[in-house]
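Asker: PDB, C-alpha atoms and all ligand atoms, file entry_25.pdb:
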```pdb
ATOM      1  CA  MET A   1       0.000   0.000   0.000  1.00  0.00           C
ATOM      2  CA  PRO A   2       1.911   3.028  -1.181  1.00  0.00           C
ATOM      3  CA  ILE A   3       1.308   6.117   0.908  1.00  0.00           C
ATOM      4  CA  LEU A   4       1.887   9.367  -0.977  1.00  0.00           C
ATOM      5  CA  ASP A   5       1.836  11.602   2.062  1.00  0.00           C
ATOM      6  CA  SER A   6       0.772  10.936   5.604  1.00  0.00           C
ATOM      7  CA  HIS A   7      -2.905  11.141   4.668  1.00  0.00           C
ATOM      8  CA  SER A   8      -3.315   9.918   1.079  1.00  0.00           C
ATOM      9  CA  ILE A   9      -3.955   6.308   0.196  1.00  0.00           C
ATOM     10  CA  GLU A  10      -3.241   4.930  -3.250  1.00  0.00           C
ATOM     11  CA  PHE A  11      -5.035   1.937  -4.660  1.00  0.00           C
ATOM     12  CA  PHE A  12      -4.979   0.095  -7.987  1.00  0.00           C
ATOM     13  CA  SER A  13      -8.184  -1.492  -9.210  1.00  0.00           C
ATOM     14  CA  ARG A  14      -8.057  -4.356 -11.679  1.00  0.00           C
ATOM     15  CA  SER A  15     -11.720  -4.410 -12.698  1.00  0.00           C
ATOM     16  CA  PRO A  16     -15.011  -2.515 -12.492  1.00  0.00           C
ATOM     17  CA  GLU A  17     -16.145  -5.073  -9.909  1.00  0.00           C
ATOM     18  CA  GLN A  18     -13.157  -4.306  -7.722  1.00  0.00           C
ATOM     19  CA  THR A  19     -13.837  -0.590  -8.013  1.00  0.00           C
ATOM     20  CA  ARG A  20     -17.442  -1.226  -6.924  1.00  0.00           C
ATOM     21  CA  ARG A  21     -16.250  -3.286  -3.970  1.00  0.00           C
ATOM     22  CA  VAL A  22     -13.960  -0.478  -2.844  1.00  0.00           C
ATOM     23  CA  GLY A  23     -16.892   1.914  -3.223  1.00  0.00           C
ATOM     24  CA  MET A  24     -19.039  -0.370  -1.088  1.00  0.00           C
ATOM     25  CA  ARG A  25     -16.522  -0.245   1.740  1.00  0.00           C
ATOM     26  CA  LEU A  26     -16.520   3.500   1.640  1.00  0.00           C
ATOM     27  CA  GLY A  27     -20.284   3.815   1.229  1.00  0.00           C
ATOM     28  CA  GLY A  28     -20.808   1.773   4.368  1.00  0.00           C
ATOM     29  CA  MET A  29     -18.868   4.362   6.377  1.00  0.00           C
ATOM     30  CA  LEU A  30     -20.626   7.474   5.133  1.00  0.00           C
ATOM     31  CA  GLN A  31     -23.177   9.399   7.138  1.00  0.00           C
ATOM     32  CA  SER A  32     -25.302  12.446   6.562  1.00  0.00           C
ATOM     33  CA  GLY A  33     -23.111  15.519   6.243  1.00  0.00           C
ATOM     34  CA  ASP A  34     -20.242  13.709   4.545  1.00  0.00           C
ATOM     35  CA  VAL A  35     -18.922  15.028   1.222  1.00  0.00           C
ATOM     36  CA  VAL A  36     -16.900  13.007  -1.298  1.00  0.00           C
ATOM     37  CA  GLY A  37     -15.347  14.756  -4.313  1.00  0.00           C
ATOM     38  CA  LEU A  38     -14.462  12.579  -7.304  1.00  0.00           C
ATOM     39  CA  VAL A  39     -11.894  13.841  -9.797  1.00  0.00           C
ATOM     40  CA  GLY A  40     -10.931  12.081 -13.018  1.00  0.00           C
ATOM     41  CA  ASP A  41     -11.363  12.090 -16.788  1.00  0.00           C
ATOM     42  CA  LEU A  42     -14.187  10.612 -18.842  1.00  0.00           C
ATOM     43  CA  GLY A  43     -14.288   6.871 -18.248  1.00  0.00           C
ATOM     44  CA  ALA A  44     -11.949   7.010 -15.264  1.00  0.00           C
ATOM     45  CA  GLY A  45     -14.503   5.087 -13.218  1.00  0.00           C
ATOM     46  CA  LYS A  46     -16.246   7.744 -11.135  1.00  0.00           C
ATOM     47  CA  THR A  47     -19.787   6.496 -11.739  1.00  0.00           C
ATOM     48  CA  THR A  48     -18.627   2.900 -11.300  1.00  0.00           C
ATOM     49  CA  LEU A  49     -17.215   3.826  -7.897  1.00  0.00           C
ATOM     50  CA  VAL A  50     -20.472   5.593  -6.995  1.00  0.00           C
ATOM     51  CA  GLN A  51     -22.403   2.413  -7.850  1.00  0.00           C
ATOM     52  CA  GLY A  52     -20.462   0.711  -5.080  1.00  0.00           C
ATOM     53  CA  ILE A  53     -20.772   3.666  -2.709  1.00  0.00           C
ATOM     54  CA  ALA A  54     -24.564   3.680  -3.114  1.00  0.00           C
ATOM     55  CA  GLN A  55     -24.707  -0.062  -2.526  1.00  0.00           C
ATOM     56  CA  GLY A  56     -22.559   0.212   0.599  1.00  0.00           C
ATOM     57  CA  TRP A  57     -24.683   3.128   1.727  1.00  0.00           C
ATOM     58  CA  GLY A  58     -27.603   0.704   1.746  1.00  0.00           C
ATOM     59  CA  SER A  59     -29.518   2.156  -1.181  1.00  0.00           C
ATOM     60  CA  LEU A  60     -32.028  -0.139  -2.736  1.00  0.00           C
ATOM     61  CA  ASP A  61     -32.007   1.913  -5.953  1.00  0.00           C
ATOM     62  CA  ALA A  62     -29.582   1.191  -8.782  1.00  0.00           C
ATOM     63  CA  VAL A  63     -27.138   3.894  -9.806  1.00  0.00           C
ATOM     64  CA  SER A  64     -27.234   5.442 -13.216  1.00  0.00           C
ATOM     65  CA  SER A  65     -24.888   8.050 -14.582  1.00  0.00           C
ATOM     66  CA  PRO A  66     -26.347  11.400 -13.610  1.00  0.00           C
ATOM     67  CA  THR A  67     -24.948  13.231 -16.614  1.00  0.00           C
ATOM     68  CA  PHE A  68     -28.446  14.101 -17.814  1.00  0.00           C
ATOM     69  CA  VAL A  69     -30.147  14.182 -14.463  1.00  0.00           C
ATOM     70  CA  LEU A  70     -27.857  16.504 -12.511  1.00  0.00           C
ATOM     71  CA  VAL A  71     -28.593  15.017  -9.121  1.00  0.00           C
ATOM     72  CA  ASN A  72     -29.602  11.484  -8.213  1.00  0.00           C
ATOM     73  CA  GLN A  73     -30.848  10.520  -4.772  1.00  0.00           C
ATOM     74  CA  TYR A  74     -30.386   7.182  -3.083  1.00  0.00           C
ATOM     75  CA  ARG A  75     -32.468   6.526  -0.019  1.00  0.00           C
ATOM     76  CA  ARG A  76     -31.719   3.928   2.574  1.00  0.00           C
ATOM     77  CA  PRO A  77     -34.195   2.310   4.953  1.00  0.00           C
ATOM     78  CA  ASP A  78     -33.391   4.671   7.865  1.00  0.00           C
ATOM     79  CA  GLY A  79     -34.446   7.595   5.674  1.00  0.00           C
ATOM     80  CA  GLN A  80     -30.986   9.072   5.098  1.00  0.00           C
ATOM     81  CA  VAL A  81     -30.269  10.196   1.555  1.00  0.00           C
ATOM     82  CA  LEU A  82     -27.105   9.986  -0.513  1.00  0.00           C
ATOM     83  CA  TYR A  83     -27.002  12.715  -3.155  1.00  0.00           C
ATOM     84  CA  HIS A  84     -25.030  12.058  -6.336  1.00  0.00           C
ATOM     85  CA  LEU A  85     -24.198  15.150  -8.364  1.00  0.00           C
ATOM     86  CA  ASP A  86     -22.437  15.301 -11.726  1.00  0.00           C
ATOM     87  CA  SER A  87     -20.884  18.733 -12.174  1.00  0.00           C
ATOM     88  CA  TYR A  88     -19.851  18.106 -15.772  1.00  0.00           C
ATOM     89  CA  ARG A  89     -22.918  19.832 -17.213  1.00  0.00           C
ATOM     90  CA  LEU A  90     -22.955  22.706 -14.765  1.00  0.00           C
ATOM     91  CA  GLY A  91     -21.951  25.980 -16.312  1.00  0.00           C
ATOM     92  CA  SER A  92     -20.568  27.508 -13.149  1.00  0.00           C
ATOM     93  CA  VAL A  93     -20.026  27.264  -9.429  1.00  0.00           C
ATOM     94  CA  GLU A  94     -23.065  29.535  -9.016  1.00  0.00           C
ATOM     95  CA  GLU A  95     -25.236  26.926 -10.697  1.00  0.00           C
ATOM     96  CA  ALA A  96     -24.062  24.373  -8.147  1.00  0.00           C
ATOM     97  CA  ILE A  97     -24.989  26.737  -5.354  1.00  0.00           C
ATOM     98  CA  ASP A  98     -28.369  27.310  -7.013  1.00  0.00           C
ATOM     99  CA  LEU A  99     -28.957  23.561  -6.831  1.00  0.00           C
ATOM    100  CA  ASP A 100     -29.130  24.017  -3.048  1.00  0.00           C
ATOM    101  CA  LEU A 101     -25.917  22.161  -2.346  1.00  0.00           C
ATOM    102  CA  ASP A 102     -26.058  23.454   1.212  1.00  0.00           C
ATOM    103  CA  ILE A 103     -29.397  21.802   1.799  1.00  0.00           C
ATOM    104  CA  MET A 104     -28.108  18.552   0.308  1.00  0.00           C
ATOM    105  CA  MET A 105     -25.078  18.630   2.606  1.00  0.00           C
ATOM    106  CA  GLU A 106     -27.263  19.339   5.625  1.00  0.00           C
ATOM    107  CA  ASN A 107     -29.765  16.617   4.857  1.00  0.00           C
ATOM    108  CA  GLY A 108     -27.613  13.844   3.548  1.00  0.00           C
ATOM    109  CA  ALA A 109     -24.275  12.664   2.255  1.00  0.00           C
ATOM    110  CA  LEU A 110     -23.037  14.070  -1.047  1.00  0.00           C
ATOM    111  CA  VAL A 111     -20.883  12.486  -3.751  1.00  0.00           C
ATOM    112  CA  VAL A 112     -19.809  14.745  -6.614  1.00  0.00           C
ATOM    113  CA  GLU A 113     -18.381  13.733  -9.990  1.00  0.00           C
ATOM    114  CA  TRP A 114     -16.097  16.342 -11.615  1.00  0.00           C
ATOM    115  CA  ALA A 115     -15.887  17.882  -8.147  1.00  0.00           C
ATOM    116  CA  GLU A 116     -12.937  20.100  -9.071  1.00  0.00           C
ATOM    117  CA  LEU A 117     -15.313  22.152 -11.250  1.00  0.00           C
ATOM    118  CA  ILE A 118     -17.276  23.273  -8.194  1.00  0.00           C
ATOM    119  CA  LYS A 119     -14.502  23.173  -5.609  1.00  0.00           C
ATOM    120  CA  PRO A 120     -15.322  26.647  -4.207  1.00  0.00           C
ATOM    121  CA  ALA A 121     -18.850  25.433  -3.423  1.00  0.00           C
ATOM    122  CA  LEU A 122     -17.612  22.393  -1.469  1.00  0.00           C
ATOM    123  CA  PRO A 123     -16.595  22.373   2.193  1.00  0.00           C
ATOM    124  CA  LYS A 124     -12.976  22.772   3.197  1.00  0.00           C
ATOM    125  CA  ASP A 125     -13.230  19.299   4.687  1.00  0.00           C
ATOM    126  CA  THR A 126     -13.945  16.894   1.843  1.00  0.00           C
ATOM    127  CA  LEU A 127     -12.817  13.389   1.008  1.00  0.00           C
ATOM    128  CA  TRP A 128     -11.119  13.761  -2.370  1.00  0.00           C
ATOM    129  CA  ILE A 129     -10.726  10.769  -4.660  1.00  0.00           C
ATOM    130  CA  GLN A 130      -8.681  11.099  -7.842  1.00  0.00           C
ATOM    131  CA  LEU A 131      -9.224   8.352 -10.413  1.00  0.00           C
ATOM    132  CA  ARG A 132      -6.911   7.716 -13.359  1.00  0.00           C
ATOM    133  CA  TRP A 133      -7.066   5.372 -16.317  1.00  0.00           C
ATOM    134  CA  VAL A 134      -4.003   3.123 -16.333  1.00  0.00           C
ATOM    135  CA  ALA A 135      -4.886   0.408 -18.837  1.00  0.00           C
ATOM    136  CA  ASP A 136      -7.938  -1.433 -20.120  1.00  0.00           C
ATOM    137  CA  GLU A 137      -9.312  -2.557 -16.774  1.00  0.00           C
ATOM    138  CA  ARG A 138      -6.749  -0.972 -14.502  1.00  0.00           C
ATOM    139  CA  ARG A 139      -7.475   2.239 -12.692  1.00  0.00           C
ATOM    140  CA  ASN A 140      -5.467   4.169 -10.140  1.00  0.00           C
ATOM    141  CA  MET A 141      -7.247   5.800  -7.219  1.00  0.00           C
ATOM    142  CA  VAL A 142      -5.795   8.248  -4.742  1.00  0.00           C
ATOM    143  CA  PHE A 143      -7.861   9.015  -1.650  1.00  0.00           C
ATOM    144  CA  THR A 144      -6.975  12.291   0.033  1.00  0.00           C
ATOM    145  CA  PRO A 145      -8.922  13.251   3.148  1.00  0.00           C
ATOM    146  CA  THR A 146      -9.006  16.804   4.432  1.00  0.00           C
ATOM    147  CA  GLY A 147     -10.080  17.237   8.029  1.00  0.00           C
ATOM    148  CA  GLU A 148     -10.383  14.922  10.999  1.00  0.00           C
ATOM    149  CA  ARG A 149     -13.615  13.224   9.993  1.00  0.00           C
ATOM    150  CA  TYR A 150     -12.240  11.936   6.673  1.00  0.00           C
ATOM    151  CA  GLU A 151      -8.856  11.072   8.127  1.00  0.00           C
ATOM    152  CA  LYS A 152     -10.727   8.833  10.538  1.00  0.00           C
ATOM    153  CA  ILE A 153     -12.777   7.286   7.739  1.00  0.00           C
ATOM    154  CA  MET A 154      -9.599   6.653   5.748  1.00  0.00           C
ATOM    155  CA  ALA A 155      -7.896   5.018   8.714  1.00  0.00           C
ATOM    156  CA  GLU A 156     -10.841   2.641   9.012  1.00  0.00           C
ATOM    157  CA  PHE A 157     -10.940   2.148   5.244  1.00  0.00           C
ATOM    158  CA  ARG A 158      -7.235   1.320   5.173  1.00  0.00           C
ATOM    159  CA  HIS A 159      -7.788  -1.197   7.927  1.00  0.00           C
ATOM    160  CA  GLN A 160     -10.680  -2.859   6.086  1.00  0.00           C
ATOM    161  CA  VAL A 161      -9.146  -2.888   2.615  1.00  0.00           C
ATOM    162  CA  PHE A 162      -5.495  -3.558   3.402  1.00  0.00           C
ATOM    163  CA  GLY A 163      -5.725  -5.079   6.870  1.00  0.00           C
ATOM    164  CA  GLY A 164      -3.433  -4.206   9.723  1.00  0.00           C
TER     165      GLY A 164
HETATM  166  N1  LIG A 201     -11.005  -1.016 -12.838  1.00  0.00           N
HETATM  167  C1  LIG A 201     -12.058  -0.327 -13.326  1.00  0.00           C
HETATM  168  N2  LIG A 201     -12.732   0.528 -12.511  1.00  0.00           N
HETATM  169  C2  LIG A 201     -13.769   1.237 -12.988  1.00  0.00           C
HETATM  170  N3  LIG A 201     -14.237   1.172 -14.241  1.00  0.00           N
HETATM  171  C3  LIG A 201     -13.610   0.339 -15.090  1.00  0.00           C
HETATM  172  C4  LIG A 201     -12.495  -0.439 -14.668  1.00  0.00           C
HETATM  173  N4  LIG A 201     -12.079  -1.170 -15.727  1.00  0.00           N
HETATM  174  C5  LIG A 201     -12.883  -0.877 -16.731  1.00  0.00           C
HETATM  175  N5  LIG A 201     -13.815   0.023 -16.385  1.00  0.00           N
HETATM  176  C6  LIG A 201     -14.842   0.552 -17.281  1.00  0.00           C
HETATM  177  O1  LIG A 201     -14.572   1.926 -17.492  1.00  0.00           O
HETATM  178  C7  LIG A 201     -15.783   2.635 -17.602  1.00  0.00           C
HETATM  179  C8  LIG A 201     -15.845   3.680 -16.520  1.00  0.00           C
HETATM  180  O2  LIG A 201     -16.991   4.442 -16.756  1.00  0.00           O
HETATM  181  P1  LIG A 201     -17.618   5.398 -15.667  1.00  0.00           P
HETATM  182  O3  LIG A 201     -18.945   5.794 -16.200  1.00  0.00           O
HETATM  183  O4  LIG A 201     -17.542   4.798 -14.322  1.00  0.00           O
HETATM  184  O5  LIG A 201     -16.583   6.622 -15.747  1.00  0.00           O
HETATM  185  P2  LIG A 201     -16.776   8.102 -15.264  1.00  0.00           P
HETATM  186  O6  LIG A 201     -15.496   8.486 -14.634  1.00  0.00           O
HETATM  187  O7  LIG A 201     -18.010   8.236 -14.453  1.00  0.00           O
HETATM  188  O8  LIG A 201     -16.932   8.896 -16.636  1.00  0.00           O
HETATM  189  P3  LIG A 201     -17.769  10.234 -16.932  1.00  0.00           P
HETATM  190  O9  LIG A 201     -16.838  11.387 -16.660  1.00  0.00           O
HETATM  191  O10 LIG A 201     -18.088  10.121 -18.377  1.00  0.00           O
HETATM  192  O11 LIG A 201     -18.977  10.280 -16.057  1.00  0.00           O
HETATM  193  C9  LIG A 201     -16.909   1.628 -17.442  1.00  0.00           C
HETATM  194  O12 LIG A 201     -17.322   1.191 -18.725  1.00  0.00           O
HETATM  195  C10 LIG A 201     -16.244   0.501 -16.680  1.00  0.00           C
HETATM  196  O13 LIG A 201     -16.839  -0.755 -16.923  1.00  0.00           O
HETATM  197 MG    MG A 202     -19.709   9.388 -14.582  1.00  0.00          MG
END
```
Just give me the structure of the file as structure tokens.
Answerer:
Amino acid sequence: MPILDSHSIEFFSRSPEQTRRVGMRLGGMLQSGDVVGLVGDLGAGKTTLVQGIAQGWGSLDAVSSPTFVLVNQYRRPDGQVLYHLDSYRLGSVEEAIDLDLDIMMENGALVVEWAELIKPALPKDTLWIQLRWVADERRNMVFTPTGERYEKIMAEFRHQVFGG
């Protein structure tokens, strides 16, 4: 498990299924108020990761790419909602704010694709995940937590995924 700095965790996925499994681990740790920012090119695997996150979250709904619907919502049995926003089609940070991001972050957890495009609208404390295409089915993921909450989640995640 290569560690890039004291907080980042790097991971190589060998398949879409593995990416979903990693997402499931993470999704199971998220609570209302949490914000995850996904960064990576077209086809890097952001939506694939969100499919796992939503499953781990406990959503009974399947995940589709929200490129046309800007925001998807996944409800779990306890009533908490995971919001899934794709910033790709947003024209500006203001548009993100107009979507009532604040209300989403107050009422549920939020996962954002193309999060760098609306970075000023996201909290200082965010769990950043950078995805990169490596080869056919190989993807590189770098998890970088900012703030205590996400450092704690990453410590638990590291324990679950890598052991030790
Ligand atoms: N290891 C892997 N992890 C994730 N996806 C993979 C992997 N290997 C192959 N793929 C494939 O790559 C594609 C990733 O597409 P996905 O929609 O998740 O990307 P995206 O980052 O959301 O792109 P976009 O910016 O267009 O929304 C899928 O077809 C998926 O099956
Ligand atoms: Mg996508």
Asker: Would you list the residues near (-16.0, -3.0, -6.0) (no more than 12 Å away, in the coordinates of the file, using only C-alpha atoms) as a PyMOL selection string?
Answerer: chain A and resi 12-27+45-56+161
Asker: Which residues are near ligand MG 202 (chain A) - at most 12 Å, using all atoms listed in the file? Format: as a PyMOL selection string.
Answerer: chain A and resi 38-51+63-72+84-89+111-115+131
Asker: Pick out the residues sitting within 12 Å of A:Pro145, and hand them over as an MDAnalysis selection string; count all atoms listed in the file, and ignore anything fewer than 6 positions along from it in its own chain.
Answerer: chainID A and resid 5:10 34:38 123:130 151:155 157
Asker: Only C-alpha atoms, please: the residues just picked out, written as a PDB file, in the frame of the given file.
Answerer:
```
ATOM      1  CA  ASP A   5       1.836  11.602   2.062  1.00  0.00           C
ATOM      2  CA  SER A   6       0.772  10.936   5.604  1.00  0.00           C
ATOM      3  CA  HIS A   7      -2.905  11.141   4.668  1.00  0.00           C
ATOM      4  CA  SER A   8      -3.315   9.918   1.079  1.00  0.00           C
ATOM      5  CA  ILE A   9      -3.955   6.308   0.196  1.00  0.00           C
ATOM      6  CA  GLU A  10      -3.241   4.930  -3.250  1.00  0.00           C
ATOM      7  CA  ASP A  34     -20.242  13.709   4.545  1.00  0.00           C
ATOM      8  CA  VAL A  35     -18.922  15.028   1.222  1.00  0.00           C
ATOM      9  CA  VAL A  36     -16.900  13.007  -1.298  1.00  0.00           C
ATOM     10  CA  GLY A  37     -15.347  14.756  -4.313  1.00  0.00           C
ATOM     11  CA  LEU A  38     -14.462  12.579  -7.304  1.00  0.00           C
ATOM     12  CA  PRO A 123     -16.595  22.373   2.193  1.00  0.00           C
ATOM     13  CA  LYS A 124     -12.976  22.772   3.197  1.00  0.00           C
ATOM     14  CA  ASP A 125     -13.230  19.299   4.687  1.00  0.00           C
ATOM     15  CA  THR A 126     -13.945  16.894   1.843  1.00  0.00           C
ATOM     16  CA  LEU A 127     -12.817  13.389   1.008  1.00  0.00           C
ATOM     17  CA  TRP A 128     -11.119  13.761  -2.370  1.00  0.00           C
ATOM     18  CA  ILE A 129     -10.726  10.769  -4.660  1.00  0.00           C
ATOM     19  CA  GLN A 130      -8.681  11.099  -7.842  1.00  0.00           C
ATOM     20  CA  GLU A 151      -8.856  11.072   8.127  1.00  0.00           C
ATOM     21  CA  LYS A 152     -10.727   8.833  10.538  1.00  0.00           C
ATOM     22  CA  ILE A 153     -12.777   7.286   7.739  1.00  0.00           C
ATOM     23  CA  MET A 154      -9.599   6.653   5.748  1.00  0.00           C
ATOM     24  CA  ALA A 155      -7.896   5.018   8.714  1.00  0.00           C
ATOM     25  CA  PHE A 157     -10.940   2.148   5.244  1.00  0.00           C
TER      26      PHE A 157
END
```
Asker: Enclose the full set of atoms of ligand LIG 201 (chain A) listed in the file within a box whose edges lie along x, y and z, apply 6 Å of padding to each of the six sides, and report centre and edge lengths in Å to one decimal as AutoDock Vina command-line options.
Answerer:
```
--center_x -15.0 --center_y 5.1 --center_z -15.6 --size_x 20.0 --size_y 24.6 --size_z 18.2
```
Asker: Would you list the residues near (-23.8, 4.4, 7.2), meaning any protein, DNA or RNA residue with an atom at most 10 Å from that point in file coordinates, counting only C-alpha atoms, as a list of chain:residue names?
Answerer: A:Leu26, A:Gly27, A:Gly28, A:Met29, A:Leu30, A:Gln31, A:Ser32, A:Gly56, A:Trp57, A:Gly58, A:Arg76, A:Asp78, A:Gln80, A:Ala109
Asker: Report, in Å to a single decimal, how far apart atom CA of A:Tyr74 and atom CA of A:Leu60 are.
Answerer: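 Those two atoms sit 7.5 Å apart.
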Asker: What's the separation between atom CA of A:Gly163 and atom CA of A:Val142, in Å to one decimal place?
Answerer: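 Distance reported for this atom pair: 17.7 Å.
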Asker: Any idea what the distance is between atom CA of A:Met105 and atom CA of A:Ile118?
Answerer: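 Straight-line distance from atom CA of A:Met105 to atom CA of A:Ile118 works out to 14.1 Å.
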Asker: Between A:Arg139, A:Arg158, A:Lys119, A:Arg149, which has the minimum distance to ligand LIG 201 (chain A) (counting all atoms listed in the file)?
Answerer: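 Ranking A:Arg139, A:Arg158, A:Lys119, A:Arg149 by distance to ligand LIG 201 (chain A), first place goes to A:Arg139.
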Asker: Taking all atoms listed in the file into account, name the residue in A:Ala121, A:Ala135, A:Val81, A:Met141 that is nearest to A:Glu94.
Answerer: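 Under the stated criterion, the closest residue is A:Ala121.
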Asker: From the set A:Phe162, A:Phe143, A:Trp133, A:Tyr83, which residue has the shortest atom-to-atom contact distance to ligand LIG 201 (chain A), counting only C-alpha atoms and all ligand atoms?
Answerer: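 The answer is A:Trp133, which sits nearest to ligand LIG 201 (chain A).
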Asker: Got a sec to write stretch 33-54 of chain A of the block to a file, N, CA and C atoms, as a CSV table (one decimal), in the first residue's frame?
Answerer:
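For reference, result04.csv as written:
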```csv
chain,number,residue,atom,x,y,z
A,33,GLY,N,-24.1,14.4,6.0
A,33,GLY,CA,-23.1,15.5,6.2
A,33,GLY,C,-21.8,15.3,5.6
A,34,ASP,N,-21.5,14.0,5.2
A,34,ASP,CA,-20.2,13.7,4.5
A,34,ASP,C,-20.2,14.1,3.1
A,35,VAL,N,-19.1,14.6,2.6
A,35,VAL,CA,-18.9,15.0,1.2
A,35,VAL,C,-17.7,14.3,0.6
A,36,VAL,N,-18.0,13.7,-0.6
A,36,VAL,CA,-16.9,13.0,-1.3
A,36,VAL,C,-16.8,13.7,-2.7
A,37,GLY,N,-15.6,14.1,-3.0
A,37,GLY,CA,-15.3,14.8,-4.3
A,37,GLY,C,-14.6,13.8,-5.2
A,38,LEU,N,-15.1,13.5,-6.4
A,38,LEU,CA,-14.5,12.6,-7.3
A,38,LEU,C,-13.9,13.4,-8.5
A,39,VAL,N,-12.6,13.1,-8.8
A,39,VAL,CA,-11.9,13.8,-9.8
A,39,VAL,C,-11.3,12.8,-10.8
A,40,GLY,N,-11.5,13.0,-12.0
A,40,GLY,CA,-10.9,12.1,-13.0
A,40,GLY,C,-11.6,12.2,-14.4
A,41,ASP,N,-10.9,11.9,-15.4
A,41,ASP,CA,-11.4,12.1,-16.8
A,41,ASP,C,-12.6,11.2,-17.1
A,42,LEU,N,-13.1,11.4,-18.3
A,42,LEU,CA,-14.2,10.6,-18.8
A,42,LEU,C,-13.8,9.1,-18.8
A,43,GLY,N,-14.6,8.3,-18.3
A,43,GLY,CA,-14.3,6.9,-18.2
A,43,GLY,C,-13.3,6.4,-17.2
A,44,ALA,N,-12.9,7.4,-16.3
A,44,ALA,CA,-11.9,7.0,-15.3
A,44,ALA,C,-12.5,6.0,-14.2
A,45,GLY,N,-13.9,6.0,-14.1
A,45,GLY,CA,-14.5,5.1,-13.2
A,45,GLY,C,-15.3,5.7,-12.1
A,46,LYS,N,-15.6,7.0,-12.2
A,46,LYS,CA,-16.2,7.7,-11.1
A,46,LYS,C,-17.6,7.2,-10.9
A,47,THR,N,-18.4,7.0,-11.9
A,47,THR,CA,-19.8,6.5,-11.7
A,47,THR,C,-19.7,5.0,-11.2
A,48,THR,N,-18.8,4.3,-11.7
A,48,THR,CA,-18.6,2.9,-11.3
A,48,THR,C,-18.4,2.8,-9.8
A,49,LEU,N,-17.5,3.8,-9.3
A,49,LEU,CA,-17.2,3.8,-7.9
A,49,LEU,C,-18.5,4.2,-7.1
A,50,VAL,N,-19.2,5.2,-7.7
A,50,VAL,CA,-20.5,5.6,-7.0
A,50,VAL,C,-21.5,4.5,-6.9
A,51,GLN,N,-21.5,3.6,-7.9
A,51,GLN,CA,-22.4,2.4,-7.8
A,51,GLN,C,-22.1,1.6,-6.6
A,52,GLY,N,-20.8,1.4,-6.3
A,52,GLY,CA,-20.5,0.7,-5.1
A,52,GLY,C,-20.8,1.5,-3.8
A,53,ILE,N,-20.5,2.8,-3.9
A,53,ILE,CA,-20.8,3.7,-2.7
A,53,ILE,C,-22.3,3.6,-2.4
A,54,ALA,N,-23.1,3.7,-3.4
A,54,ALA,CA,-24.6,3.7,-3.1
A,54,ALA,C,-25.0,2.3,-2.5
```
